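Step one of this worksheet: look at the structure below.
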Amino acid sequence: MREQFPFFAQHPDLVYLDTAATSQKPQVVLDALRDYYLNDNANVHRGLYQLAFETTERYEAIRAQVAAFVNAAQAEEIVFTRGTTDSLNLVAGSFGPQVLQAGDEVLVSASEHHSNFIPWQQLAERVGARFVVAPVQADGNTDPAALAQLITPRTRLLAIAQVTNVAGGLVPVRALADRLHAQGGIVVVDGAQSVAHMPVDVQAMGADFFAFSGHKVYGPTGIGVLYGRRALLAAMPPAQFGGEMIDEVTDAHSTWAPVPLKFEAGTPDIAGVFGLSAALTFLQAQDWSTVRAREDQLIRRLRQGLAAIDGLTLYGTADSFGIVSFNLTGVHPHDLATFLDEQHIAVRAGHHCAQPLMARLGVPATVRASLGLYNDASDIDRLIGGVAAARGYFLGTD
Amino acid sequence: MREQFPFFAQHPDLVYLDTAATSQKPQVVLDALRDYYLNDNANVHRGLYQLAFETTERYEAIRAQVAAFVNAAQAEEIVFTRGTTDSLNLVAGSFGPQVLQAGDEVLVSASEHHSNFIPWQQLAERVGARFVVAPVQADGNTDPAALAQLITPRTRLLAIAQVTNVAGGLVPVRALADRLHAQGGIVVVDGAQSVAHMPVDVQAMGADFFAFSGHKVYGPTGIGVLYGRRALLAAMPPAQFGGEMIDEVTDAHSTWAPVPLKFEAGTPDIAGVFGLSAALTFLQAQDWSTVRAREDQLIRRLRQGLAAIDGLTLYGTADSFGIVSFNLTGVHPHDLATFLDEQHIAVRAGHHCAQPLMARLGVPATVRASLGLYNDASDIDRLIGGVAAARGYFLGTD
Amino acid sequence: MALTKLDQLYRQVILDEATHPRHHGKLSQPTHTITVRNPSCGDVLTLDLQVVDGVIQAAAFAGSGCTISQASGSLMTDQIIGQTPATVSRMVETFSTLVIDGQAADEALLGDAAILRGVHQFPARIKCATLAWKAAAQALTEGAQHD
Amino acid sequence: MALTKLDQLYRQVILDEATHPRHHGKLSQPTHTITVRNPSCGDVLTLDLQVVDGVIQAAAFAGSGCTISQASGSLMTDQIIGQTPATVSRMVETFSTLVIDGQAADEALLGDAAILRGVHQFPARIKCATLAWKAAAQALTEGAQHD
Ligand SMILES: Cc1ncc(COP(=O)(O)O)c(C=O)c1O
Ligand SMILES: Cc1ncc(COP(=O)(O)O)c(C=O)c1O
């Protein structure tokens with residue numbers, strides 16, 4: 001698997017354990033980007049000539065591929081965006097004010113990434129709604145029971161990550177979605193950390209909206225996806241205005257194209273869409289039970305190894321999806337990360353864009369190791385060895 | 001020059017005359033994209049490890065390069081966006097409501113691209129301002145005198161393309177900007193069609209904001225730039241919320257990072273930024289007087305050749321910047337484009353996202369040929385020959 | 001060679017049909033009317049129908065457009081006059097199949113309009129050919145005039 | 001090999017300084033106070049100064065952070081006590097040069113704090129080292145307390 005990722009040929013000694021921040025790319029994705037520019041480069045939805053037409057057709061076929069990938073009911077339910085943050089802000093900014101009124105409640109977990117937290121906080125402030133933040137489990141994972149308890153008749157919207165980016169647990173979205181839907185509420189799912197780790201079915205999970213980023217699922221930077229139920233997208237006003245998204249423009253008035261084009265003002269990241277297609281094809285070719293079994297094994301190996309180190313606190317649980325966050329008493333995460341970096345082990349230290357969660361955990365930061373398809377047991381063992389050595393280095397071997 | 005663009009090795013017989021829609025990419029840009037993914041791929045402004053740090057430094061160095069490229073006073077005045085449309089919508093959506101009040105006027109020309117027209121139209125509607133649309137010259141170019149005449153004491157904002165995308169004329173922005181500035185107004189310049197054709201100096205032209213797209217200046221799709229004067233950017237609220245753009249996040253309240261990071265929520269298109277850098281370096285290496293002389297020659301040759309065809313209407317003037325729009329009486333632009341396409345000549349036929357201009361010109365559409373650095377006299381001659389042949393085909397040789 | 005393919009698209013009868021379209025204009029008392037648009041190119045087409053006793057008695061289309069859309073408007077209006085809405089709906093489907101695939105099972109239904117099959121070799125122009133037909137379908141479903 | 005570079009960063013005295021920082025806490029009556037943040041990592045540092053007769057009489061810093069930021073806070077507060085704001089401003093510049101370049105013309109000005117020069121080999125950590133110094137500069141320019 002690792003040999004499909006040319007990044008590692010350039011960095012043969014690097015233990016890359018920051019895939020939750022961004023993944024490395026398989027050759028097929030790099031090839032798709034190059035092939036796009038060599039063969040297909042033309043603007044979409046504009047040109048009548050053969051090249052432009054074929055590129056447009058291909059672009060729209062990829063929309064259908066993405067729809068099938070997340071099991072959307074139709075291609076028109078897929079909007080291409082810049083990434084998860086862009087997708088979530090589009091929903092909060094355009095759909096939010098339509099569904100939330102003063103006095104209503106919008107519910108999130110304290111475990112959410114800032115990108116699925118601040119947009120709702122700001123929306124609530126703007127419309128005079130209540131922003132309700134549910135407590136988390138002691139291990140840092142989302143607490144579905146706490147969320148369920150906080151659902152009131154005024155809860156109009158629940159924004160939730162399917163997999164969180166610090167503790168890495170899978171959230172049972174469906175049960176919560178059923179509760180919300182029973183009272184006419186809306187569920188927005190942040191899929192940034194789930195899509196690379198499992199097959200996703202937006203209908204089965206009951207997502208009204210679902211967002212993810214290309215760069216975290218082995219695709220290019222700069223491209224993302226927003227899935228939205230057709231009826232909701234149709235009712236949602238566009239957030240940006242310009243080329244491609246119009247029906248008719250006069251001095252006095254403009255009207256919009258149907259979904260999804262009304263949300264794609266301007267020239268889209270066409271190369272990014274082609275690259276994303278290759279990444280999704282790559283993911284679709286994986287045998288998920290094998291992938292999951294392998295990831296599971298690596299996570300358990302890592303947690304076991306780390307747990308054996310004195311003073312080490314582990315967050316999350318053994319069935320996390322590719323993410324292990326931890327802290328070592330007496331060693332600040334940044335110092336630990338620098339020490340590991342000197343051993344060519346790339347992990348992330350910081351608040352992981354999850355300050356509300358850090359506040360709950362009572363720490364300013366954690367160290368986070370996150371896995372991609374290219375990691376193996378030797379990566380895990382080097383990390384464990386590195387952390388143990390760091391402990392000796394900073395705290396002595398008492 | 002053409003051999004620097006690998007697209008043409010794949011399409012040896014294609015006459016590509018749609019650069020105003022999107023440019024082909026030189027090898028150096030494709031290499032920069034590949035090199036980024038092979039060598040540098042890591043998320044920015046997050047990781048402490050060497051790779052992430054160096055990528056962040058490089059990303060910020062490119063911001064400084066872009067600042068120098070447009071002669072901004074400082075790197076912090078550059079915001080990376082998805083493209084011109086994204087840049088203009090950011091200004092209209094976030095800065096617009098701060099500068100425009102009910103009863104104020106926002107002024108545009110009827111020659112503007114929808115991306116620099118609809119955002120202001122919608123903004124005006126939202127805040128109760130007047131949206132004033134200036135008439136154009138008979139040839140379709142922006143009419144500076146008409147604009148100047150429409151500036152009233154209530155004109156708070158002028159949005160104008162430096163070069164328009166149908167007639168292709170250069171607009172003397174500075175004189176208009178001086179008028180606006182004298183009364184405390186703001187000038188937003190759409191540079192989508194100028195940047196690839198001339199050195200740009202935002203300070204000299206008096207732009208308060210300036211927008212352009214990577215994909216039109218030999219760079220990748222999905223990346224664009226917004227220049228904004230520091231003081232204006234500092235006063236402008238963020239449009240999107242999430243990772244990277246924060247100072248501090250609590251349940252109750254969030255504060256933002258300084259400019260420009262507060263406008264770059266979420267993972268940016270890092271590869272796109274690296275690719276854009278290569279494109280700008282490529283442009284910076286051009287000898288502009290030679291480029292201009294060559295382009296001028298090609299434009300004159302094209303206009304002369306077309307003018308000799310019976311029933312042919314030319315828009316714009318001989319000193320346009322790489323763009324020639326025209327119509328052939330009795331042959332609909334689409335039929336002409338299809339005929340040319342069969343001869344492997346790619347031109348654009350349509351309203352060019354400029355319906356208000358089409359209304360002024362009294363046509364539903366035009367044919368547009370637009371030049372890139374890779375075009376030469378043989379491309380021009382094939383187009384002229386193609387149009388002449390189309391005339392014969394559709395109208396007979398009377 | 002290229003011209004062969006082009007010639008299939010632009011047969012003389014199609015050029016004539018576009019230059020002198022039949023049923024071009026407005027009906028004085030349409031029972032159904034609709035305006036449709038091809039936003040990527042700016043073409044606009046308004047279709048008036050007069051449906052009496054479940055049969056299309058008269059049809060007229062207005063608006064400017066390319067050879068293909070004008071010829072298609074002319075042929076379409078001519079063919080649907082005298083048909084029932086149900087038949088028109090089948091014709092619209094058939095026409096769409098014809099210009100996408102180059103053939104359609106019951107293309108006889110389309111009469112002279114089948115001459116537009118050459119469009120299938122120019123996929124970028126399919127929307128031009130189907131605009132008028134789309135208008136017919138939409139006029140019948142959403143275009144009823146209430147006075 | 002790697003540890004040599006690391007050892008230059010984490011000298012024993014730096015580790016000690018971080019574990020037992022001097023001037024850690026709050027002043028009861030600061031004349032200047034400021035809170036600064038390293039948003040990419042979440043570190044927060046509050047600096048209190050007492051400036052009387054144009055001389056920094058007392059300084060204290062609070063907040064948690066990494067070894068480098070804590071050691072730097074300890075060394076910085078210790079060095080600026082007794083200095084004038086003008087000197088502190090020069091020290092801040094010098095310190096910044098030192099940790100970026102590994103040397104600075106007037107590094108003697110920094111006293112013991114110059115031991116942090118090893119940071120220059122770890123550019124990702126420069127912000128940790130300069131946080132306290134940035135706080136000193138900002139406290140003096142914007143942090144005046146009015147009561
Ligand atoms: C003058 C002008 N403004 C704005 C745009 C929009 O640029 P983009 O589609 O890259 O956002 C274009 C190109 O389509 C243009 O030519
Ligand atoms: C759970 C979660 N949500 C949202 C995001 C934001 O994604 P992006 O930065 O690609 O917009 C991330 C990643 O940073 C994430 O992990």
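Scheme for the structure tokens: letters A, B, ... for chains in order shown; per-chain residue numbers from 1; ligand numbers from 1 in order shown.
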Inset, instruction - Taking only C-alpha atoms and all ligand atoms into account, report as a PyMOL selection string which residues have an atom no farther than 9 Å from an atom of ligand 1. - result: (chain A and resi 43+242-244+265-268) or (chain B and resi 20-22+82-88+111-116+160-166+168+190-194+211-216+221-224+352-353)
Inset, instruction - Do me a favour and pick out the residues of chain A within 7 Å of chain B, using only C-alpha atoms, as a ChimeraX atom specification. - result: /A:6-7,10,21-22,24,30,34,37-39,41-43,47-50,85,89,114-115,118-119,133,221-222,240-243,249-251,265-266,268-271,337-338,341,346,348-349,353,355-356
Can I get the selected residues back with C-alpha atoms, as a PDB file, in the first residue's frame?
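Output contents, as saved in selection_11.pdb:
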```pdb
ATOM      1  CA  PRO A   6       5.028   8.550  -3.848  1.00  0.00           C
ATOM      2  CA  PHE A   7       5.399  10.947  -0.904  1.00  0.00           C
ATOM      3  CA  GLN A  10      10.713  11.130  -0.999  1.00  0.00           C
ATOM      4  CA  ALA A  21      -4.800  16.834   9.516  1.00  0.00           C
ATOM      5  CA  THR A  22      -4.194  15.900   5.899  1.00  0.00           C
ATOM      6  CA  GLN A  24      -0.809  11.816   1.676  1.00  0.00           C
ATOM      7  CA  LEU A  30      -1.459  12.812  -8.724  1.00  0.00           C
ATOM      8  CA  ARG A  34      -1.778  15.886 -14.232  1.00  0.00           C
ATOM      9  CA  TYR A  37      -4.296  19.599 -17.057  1.00  0.00           C
ATOM     10  CA  LEU A  38      -2.737  17.731 -19.972  1.00  0.00           C
ATOM     11  CA  ASN A  39      -5.890  16.438 -21.571  1.00  0.00           C
ATOM     12  CA  ASN A  41      -8.324  21.552 -19.120  1.00  0.00           C
ATOM     13  CA  ALA A  42     -11.224  23.784 -20.161  1.00  0.00           C
ATOM     14  CA  ASN A  43     -13.795  25.718 -18.231  1.00  0.00           C
ATOM     15  CA  GLY A  47     -17.931  26.316 -23.711  1.00  0.00           C
ATOM     16  CA  LEU A  48     -19.724  24.748 -26.634  1.00  0.00           C
ATOM     17  CA  TYR A  49     -16.624  23.249 -28.126  1.00  0.00           C
ATOM     18  CA  GLN A  50     -15.905  19.558 -27.766  1.00  0.00           C
ATOM     19  CA  THR A  85     -15.236  24.184   6.651  1.00  0.00           C
ATOM     20  CA  ASN A  89     -20.335  27.480   6.687  1.00  0.00           C
ATOM     21  CA  HIS A 114     -14.091  24.613  15.491  1.00  0.00           C
ATOM     22  CA  SER A 115     -15.396  24.307  11.934  1.00  0.00           C
ATOM     23  CA  ILE A 118     -18.159  28.382  15.599  1.00  0.00           C
ATOM     24  CA  PRO A 119     -20.456  28.601  12.547  1.00  0.00           C
ATOM     25  CA  VAL A 133     -23.087  22.717  24.054  1.00  0.00           C
ATOM     26  CA  THR A 221      -6.388  20.200  -1.207  1.00  0.00           C
ATOM     27  CA  GLY A 222      -8.939  22.851  -2.104  1.00  0.00           C
ATOM     28  CA  GLN A 240     -22.203  33.577  -3.560  1.00  0.00           C
ATOM     29  CA  PHE A 241     -23.168  35.213  -6.823  1.00  0.00           C
ATOM     30  CA  GLY A 242     -21.489  35.230 -10.204  1.00  0.00           C
ATOM     31  CA  GLY A 243     -20.805  33.104 -13.228  1.00  0.00           C
ATOM     32  CA  VAL A 249     -29.516  38.556 -14.998  1.00  0.00           C
ATOM     33  CA  THR A 250     -30.964  41.996 -15.646  1.00  0.00           C
ATOM     34  CA  ASP A 251     -29.990  45.322 -14.129  1.00  0.00           C
ATOM     35  CA  ALA A 265     -20.641  30.510  -8.404  1.00  0.00           C
ATOM     36  CA  GLY A 266     -17.531  31.111 -10.477  1.00  0.00           C
ATOM     37  CA  PRO A 268     -14.930  25.673  -9.707  1.00  0.00           C
ATOM     38  CA  ASP A 269     -11.780  23.779  -8.758  1.00  0.00           C
ATOM     39  CA  ILE A 270     -12.142  21.528 -11.776  1.00  0.00           C
ATOM     40  CA  ALA A 271      -8.771  19.825 -11.342  1.00  0.00           C
ATOM     41  CA  ALA A 337       6.270  16.633  19.446  1.00  0.00           C
ATOM     42  CA  THR A 338       9.632  18.317  18.948  1.00  0.00           C
ATOM     43  CA  ASP A 341      10.102  15.194  15.172  1.00  0.00           C
ATOM     44  CA  ALA A 346       5.338  13.508  12.612  1.00  0.00           C
ATOM     45  CA  ARG A 348       0.379  16.782  15.934  1.00  0.00           C
ATOM     46  CA  ALA A 349       0.505  18.653  19.230  1.00  0.00           C
ATOM     47  CA  CYS A 353      -9.081  23.185  16.569  1.00  0.00           C
ATOM     48  CA  GLN A 355     -10.563  24.398  22.290  1.00  0.00           C
ATOM     49  CA  PRO A 356     -13.966  23.691  23.872  1.00  0.00           C
TER      50      PRO A 356
END
```
Inset, instruction - Select all residues from chain D having any atom no more than 7 Å from an atom of chain A (counting only C-alpha atoms, ignoring ligands), output as a list in words. - result: Ala2, Cys41, Gly42, Asp43, Cys66 and Thr67 of chain D
Inset, instruction - List the neighbours of Arg300 in chain A out to 12 Å using only C-alpha atoms; skip same-chain residues closer than 4 positions along the sequence, and give me the result as number ranges by chain. - result: A: 293-296, 304-307, 314, 316-324, 377, 380-381
Inset, instruction - Quick one: pull the distance between CA of Asp143 in chain A and CA of Val171 in chain A, Å, one decimal. - result: 8.2 Å
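Taking only range 249-293 of chain B, the residues that DSSP calls strand (DSSP E) from the backbone come to Val249, Ser254, Thr255 and Trp256 of chain B.
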Inset, instruction - Fewer than 6 positions away in the same chain doesn't count, so skip those; otherwise give me all residues within 10 Å of Ile14 in chain C, counting only C-alpha atoms, as a PyMOL selection string. - result: chain C and resi 8+20-21+67-68+70-72+74-75+113+115-116
Inset, instruction - Write out as a PyMOL selection string each polymer residue whose atoms come within 9 Å of range 185-187 of chain B, counting only C-alpha atoms; drop sequence neighbours fewer than 5 positions from it. - result: chain B and resi 99+154-160+173+176-177+179-180+206-210
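Here CA of Val79 in chain B is placed at a distance of 21.7 Å from CA of His197 in chain B.
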Inset, instruction - Excluding Ser89 in chain C and residues on its chain fewer than 4 positions from it, collect all residues at most 9 Å away from it, counting only C-alpha atoms, and give them as a PyMOL selection string. - result: chain C and resi 84-85+93-94+136-137+140
Give me a file of those residues, with N, CA, C and O atoms, as an mmCIF file, in the first residue's frame.
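As a result, result_22.cif now contains:
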```cif
data_model
loop_
_atom_site.group_PDB
_atom_site.id
_atom_site.type_symbol
_atom_site.label_atom_id
_atom_site.label_comp_id
_atom_site.auth_asym_id
_atom_site.auth_seq_id
_atom_site.Cartn_x
_atom_site.Cartn_y
_atom_site.Cartn_z
ATOM 1 N N THR C 84 -52.646 14.814 -28.927
ATOM 2 C CA THR C 84 -53.091 14.965 -27.545
ATOM 3 C C THR C 84 -51.872 15.230 -26.668
ATOM 4 O O THR C 84 -50.749 14.844 -27.026
ATOM 5 N N PRO C 85 -52.076 15.859 -25.513
ATOM 6 C CA PRO C 85 -50.962 16.050 -24.580
ATOM 7 C C PRO C 85 -50.225 14.743 -24.265
ATOM 8 O O PRO C 85 -48.998 14.736 -24.143
ATOM 9 N N GLU C 93 -40.148 12.556 -25.108
ATOM 10 C CA GLU C 93 -39.233 11.500 -24.673
ATOM 11 C C GLU C 93 -38.470 10.913 -25.866
ATOM 12 O O GLU C 93 -37.261 10.720 -25.835
ATOM 13 N N THR C 94 -39.239 10.621 -26.898
ATOM 14 C CA THR C 94 -38.666 9.998 -28.089
ATOM 15 C C THR C 94 -37.631 10.919 -28.725
ATOM 16 O O THR C 94 -36.535 10.492 -29.116
ATOM 17 N N ALA C 136 -42.465 22.386 -24.620
ATOM 18 C CA ALA C 136 -43.776 21.766 -24.857
ATOM 19 C C ALA C 136 -44.214 20.967 -23.632
ATOM 20 O O ALA C 136 -45.353 21.096 -23.152
ATOM 21 N N ALA C 137 -43.311 20.169 -23.116
ATOM 22 C CA ALA C 137 -43.647 19.354 -21.949
ATOM 23 C C ALA C 137 -44.018 20.252 -20.774
ATOM 24 O O ALA C 137 -45.017 20.023 -20.086
ATOM 25 N N LEU C 140 -47.403 22.161 -21.027
ATOM 26 C CA LEU C 140 -48.576 21.341 -20.761
ATOM 27 C C LEU C 140 -48.725 21.027 -19.275
ATOM 28 O O LEU C 140 -49.840 20.912 -18.775
#
```
Legend entry - Distance of CA of Asp287 in chain B from CA of Tyr218 in chain B, expressed in Å to one decimal place: 15.9 Å
